[in-house]
Amino acid sequence: SVIPAGVTMITNTVRIGYDGFSGPDPTPSNNEATETTPLNAVPDLVVLKTDGGVTATPGDQINYTITYSNTGSKVATNVVLTDTIPASVPPLIITFVGPVGWSQVGASNVYTRSVGILSPGDSGTVNITVQTSGSLPVGVTMVTNTVRIGDDGANGADLTPSNNIYTDTTPLTALPDVTISKSPNVSSATPGQGIIFTVNYANNGTNVASGVIVT
């Protein structure tokens with residue numbers, strides 16, 4: 001059953017009376033009794049998140065689907081989702097893409113979205129998307145994205161706060177792509193003439209190449 005906002009107890013009143021044939025009751029004040037029973041009803045907010053099981057490469061977008069609900073017996077008011085997108089680890093850069101409805105907290109990687117009122121049994125789904133760019137630093141193999149849900153507490157503390165937070169991990173894959181080229185300073189040479197070679201090398205991949213040696 002659903003307990004409306006502001007309702008914290010129920011009362012039950014019983015009365016006794018008779019036909020008065022034998023005269024009035026001398027103490028009518030005790031002909032009625034009222035019992036008050038406190039109601040233990042609170043919201044129980046739940047949030048989940050998934051990236052759909054993808055593995056991302058620098059340059060990809062990662063789209064997260066967030067599902068939220070109130071499985072408790074009381075309405076939750078001023079409900080807010082708070083999402084901490086993965087932090088950039090240069091040269092890997094991660095930026096917020098959208099959609100509209102999320103608000104950045106200062107200059108941080110934290111974004112909030114208002115849900116408002118969430119009655120018992122209500123649920124909803126929203127998305128948040130990030131863009132990856134650059135390349136993977138050595139040792140970085142995944143990024144994490146954490147979402148939290150909370151209300152103003154006006155209708156009691158959440159029944160199971162442990163399910164008010166959810167973290168999704170997205171594997172990252174990337175490979176180095178080293179290239180090398182050489183060019184002389186002359187198009188032709190005669191015996192005894194010195195030739196200077198210019199060697200150009202680069203990493204065109206999306207992961208750091210370590211221990212590189214030019215031979």
# chains A, B, ... in the order shown; residues from 1 in each chain; ligands from 1

$ residues_around --residues "Val100 of chain A" --least-positions-apart "3" --cutoff "10 Å" --atoms "only C-alpha atoms" --output "ChimeraX atom specification"
/A:97,103,113,127-128

$ write_last_selection --atoms "N, CA and C atoms" --output "mmCIF file, in the first residue's frame"
data_model
loop_
_atom_site.group_PDB
_atom_site.id
_atom_site.type_symbol
_atom_site.label_atom_id
_atom_site.label_comp_id
_atom_site.auth_asym_id
_atom_site.auth_seq_id
_atom_site.Cartn_x
_atom_site.Cartn_y
_atom_site.Cartn_z
ATOM 1 N N VAL A 97 28.858 14.673 -23.381
ATOM 2 C CA VAL A 97 28.198 14.959 -24.659
ATOM 3 C C VAL A 97 26.755 15.402 -24.445
ATOM 4 N N SER A 103 23.060 18.930 -15.643
ATOM 5 C CA SER A 103 23.728 20.188 -15.298
ATOM 6 C C SER A 103 25.067 19.885 -14.649
ATOM 7 N N ARG A 113 20.795 15.699 -12.472
ATOM 8 C CA ARG A 113 19.556 15.760 -13.239
ATOM 9 C C ARG A 113 18.385 15.621 -12.278
ATOM 10 N N ASN A 127 19.462 8.747 -20.181
ATOM 11 C CA ASN A 127 20.767 8.410 -20.745
ATOM 12 C C ASN A 127 21.767 9.514 -20.446
ATOM 13 N N ILE A 128 23.028 9.137 -20.451
ATOM 14 C CA ILE A 128 24.115 10.113 -20.394
ATOM 15 C C ILE A 128 25.245 9.568 -21.269
#

$ residues_around --residues "Asp122 of chain A" --least-positions-apart "2" --cutoff "12 Å" --atoms "only C-alpha atoms" --output "VMD selection string"
chain A and resid 2 43 to 46 67 to 76 115 to 120 124 to 125

$ write_last_selection --atoms "N, CA and C atoms" --output "mmCIF file, in the first residue's frame"
data_model
loop_
_atom_site.group_PDB
_atom_site.id
_atom_site.type_symbol
_atom_site.label_atom_id
_atom_site.label_comp_id
_atom_site.auth_asym_id
_atom_site.auth_seq_id
_atom_site.Cartn_x
_atom_site.Cartn_y
_atom_site.Cartn_z
ATOM 1 N N VAL A 2 0.339 2.319 -0.517
ATOM 2 C CA VAL A 2 1.064 3.575 -0.620
ATOM 3 C C VAL A 2 0.662 4.491 0.525
ATOM 4 N N PRO A 43 10.450 5.928 1.583
ATOM 5 C CA PRO A 43 10.823 5.633 0.200
ATOM 6 C C PRO A 43 11.962 4.613 0.163
ATOM 7 N N ASP A 44 12.092 3.950 -0.965
ATOM 8 C CA ASP A 44 13.236 3.055 -1.196
ATOM 9 C C ASP A 44 13.665 3.261 -2.643
ATOM 10 N N LEU A 45 14.583 4.194 -2.839
ATOM 11 C CA LEU A 45 15.043 4.528 -4.177
ATOM 12 C C LEU A 45 16.096 3.527 -4.638
ATOM 13 N N VAL A 46 16.023 3.188 -5.926
ATOM 14 C CA VAL A 46 16.947 2.228 -6.526
ATOM 15 C C VAL A 46 17.460 2.812 -7.848
ATOM 16 N N THR A 67 18.558 3.533 -15.077
ATOM 17 C CA THR A 67 17.184 3.182 -14.696
ATOM 18 C C THR A 67 17.021 3.429 -13.209
ATOM 19 N N TYR A 68 15.931 4.106 -12.848
ATOM 20 C CA TYR A 68 15.688 4.427 -11.443
ATOM 21 C C TYR A 68 14.242 4.101 -11.078
ATOM 22 N N SER A 69 13.997 3.864 -9.783
ATOM 23 C CA SER A 69 12.651 3.520 -9.322
ATOM 24 C C SER A 69 12.525 3.793 -7.831
ATOM 25 N N ASN A 70 11.264 3.803 -7.359
ATOM 26 C CA ASN A 70 10.963 3.884 -5.934
ATOM 27 C C ASN A 70 10.198 2.618 -5.578
ATOM 28 N N THR A 71 10.866 1.680 -4.907
ATOM 29 C CA THR A 71 10.244 0.414 -4.532
ATOM 30 C C THR A 71 9.723 0.443 -3.099
ATOM 31 N N GLY A 72 9.738 1.618 -2.486
ATOM 32 C CA GLY A 72 9.257 1.757 -1.116
ATOM 33 C C GLY A 72 7.754 1.948 -1.051
ATOM 34 N N SER A 73 7.282 2.330 0.138
ATOM 35 C CA SER A 73 5.844 2.492 0.380
ATOM 36 C C SER A 73 5.453 3.943 0.611
ATOM 37 N N LYS A 74 6.392 4.861 0.302
ATOM 38 C CA LYS A 74 6.097 6.274 0.485
ATOM 39 C C LYS A 74 6.728 7.078 -0.634
ATOM 40 N N VAL A 75 6.097 8.192 -0.965
ATOM 41 C CA VAL A 75 6.580 9.029 -2.054
ATOM 42 C C VAL A 75 7.930 9.630 -1.691
ATOM 43 N N ALA A 76 8.794 9.786 -2.700
ATOM 44 C CA ALA A 76 10.073 10.477 -2.547
ATOM 45 C C ALA A 76 9.971 11.811 -3.274
ATOM 46 N N VAL A 115 14.752 14.691 -11.051
ATOM 47 C CA VAL A 115 13.652 13.762 -11.345
ATOM 48 C C VAL A 115 12.348 14.295 -10.763
ATOM 49 N N GLY A 116 12.433 14.954 -9.600
ATOM 50 C CA GLY A 116 11.242 15.514 -8.961
ATOM 51 C C GLY A 116 10.587 14.528 -8.021
ATOM 52 N N ILE A 117 9.296 14.332 -8.185
ATOM 53 C CA ILE A 117 8.521 13.437 -7.318
ATOM 54 C C ILE A 117 8.528 12.028 -7.893
ATOM 55 N N LEU A 118 8.787 11.055 -7.042
ATOM 56 C CA LEU A 118 8.783 9.652 -7.465
ATOM 57 C C LEU A 118 7.910 8.878 -6.476
ATOM 58 N N SER A 119 6.705 8.546 -6.910
ATOM 59 C CA SER A 119 5.763 7.827 -6.060
ATOM 60 C C SER A 119 6.124 6.350 -5.977
ATOM 61 N N PRO A 120 5.643 5.647 -4.958
ATOM 62 C CA PRO A 120 5.907 4.209 -4.865
ATOM 63 C C PRO A 120 5.482 3.480 -6.140
ATOM 64 N N GLY A 124 11.757 5.210 -14.068
ATOM 65 C CA GLY A 124 12.078 5.969 -15.268
ATOM 66 C C GLY A 124 13.452 5.589 -15.792
ATOM 67 N N THR A 125 13.758 6.067 -17.002
ATOM 68 C CA THR A 125 15.029 5.780 -17.654
ATOM 69 C C THR A 125 15.560 7.046 -18.303
#

$ atom_distance --atom1 "atom CA of Ile62 of chain A" --atom2 "atom CA of Pro171 of chain A"
10.8 Å

$ residues_around --residues "segment 198-202 of chain A" --least-positions-apart "6" --cutoff "9 Å" --atoms "only C-alpha atoms" --output "ChimeraX atom specification"
/A:177-185,214

$ select_by_dssp --residues "segment 16-123 of chain A" --states "strand (DSSP E)" --output "VMD selection string"
chain A and resid 32 to 38 45 to 50 61 to 70 76 to 84 92 to 98 103 to 104 110 to 118 123

$ closest_residue --among "A:Val212, A:Met142, A:Val147, A:Ala87" --to "Thr55 of chain A" --atoms "only C-alpha atoms"
A:Met142

$ decode --residues "segment 158-174 of chain A" --atoms "N, CA, C and O atoms" --output "CSV table (one decimal), in the first residue's frame"
chain,number,residue,atom,x,y,z
A,158,ASP,N,15.9,6.7,3.4
A,158,ASP,CA,15.8,5.6,2.5
A,158,ASP,C,15.9,4.3,3.2
A,158,ASP,O,16.8,4.1,4.0
A,159,LEU,N,15.1,3.3,2.7
A,159,LEU,CA,15.0,2.0,3.4
A,159,LEU,C,16.3,1.2,3.2
A,159,LEU,O,16.8,0.6,4.1
A,160,THR,N,16.9,1.2,2.0
A,160,THR,CA,18.1,0.5,1.7
A,160,THR,C,19.1,1.4,0.9
A,160,THR,O,19.1,1.3,-0.3
A,161,PRO,N,19.8,2.3,1.6
A,161,PRO,CA,20.7,3.2,0.9
A,161,PRO,C,21.8,2.6,0.1
A,161,PRO,O,22.3,3.2,-0.8
A,162,SER,N,22.1,1.3,0.3
A,162,SER,CA,23.1,0.6,-0.5
A,162,SER,C,22.8,0.5,-2.0
A,162,SER,O,23.7,0.4,-2.8
A,163,ASN,N,21.5,0.6,-2.3
A,163,ASN,CA,21.1,0.5,-3.7
A,163,ASN,C,20.8,1.9,-4.3
A,163,ASN,O,20.2,2.0,-5.4
A,164,ASN,N,21.3,2.9,-3.6
A,164,ASN,CA,21.2,4.3,-4.1
A,164,ASN,C,22.4,4.7,-5.0
A,164,ASN,O,22.5,5.8,-5.4
A,165,ILE,N,23.3,3.8,-5.2
A,165,ILE,CA,24.5,4.1,-6.0
A,165,ILE,C,24.9,2.9,-6.8
A,165,ILE,O,24.6,1.7,-6.4
A,166,TYR,N,25.3,3.2,-8.0
A,166,TYR,CA,25.7,2.1,-8.9
A,166,TYR,C,26.9,2.5,-9.8
A,166,TYR,O,26.9,3.6,-10.3
A,167,THR,N,27.9,1.6,-9.9
A,167,THR,CA,29.0,1.9,-10.8
A,167,THR,C,29.2,0.9,-11.9
A,167,THR,O,29.1,-0.3,-11.7
A,168,ASP,N,29.3,1.5,-13.1
A,168,ASP,CA,29.5,0.6,-14.3
A,168,ASP,C,30.9,0.8,-14.8
A,168,ASP,O,31.5,1.9,-14.9
A,169,THR,N,31.6,-0.3,-15.2
A,169,THR,CA,32.9,-0.3,-15.7
A,169,THR,C,32.9,-0.7,-17.2
A,169,THR,O,32.3,-1.7,-17.6
A,170,THR,N,33.6,0.2,-18.0
A,170,THR,CA,33.7,-0.1,-19.4
A,170,THR,C,35.1,-0.4,-19.8
A,170,THR,O,36.0,0.4,-19.6
A,171,PRO,N,35.4,-1.6,-20.3
A,171,PRO,CA,36.8,-1.9,-20.8
A,171,PRO,C,37.2,-1.0,-21.9
A,171,PRO,O,36.4,-0.6,-22.7
A,172,LEU,N,38.5,-0.7,-21.9
A,172,LEU,CA,39.1,0.1,-23.0
A,172,LEU,C,40.1,-0.8,-23.7
A,172,LEU,O,40.9,-1.5,-23.1
A,173,THR,N,40.1,-0.6,-25.0
A,173,THR,CA,41.1,-1.4,-25.8
A,173,THR,C,41.8,-0.4,-26.8
A,173,THR,O,41.1,0.5,-27.4
A,174,ALA,N,43.1,-0.5,-27.0
A,174,ALA,CA,43.8,0.3,-27.9
A,174,ALA,C,45.2,-0.3,-28.1
A,174,ALA,O,45.7,-1.0,-27.3
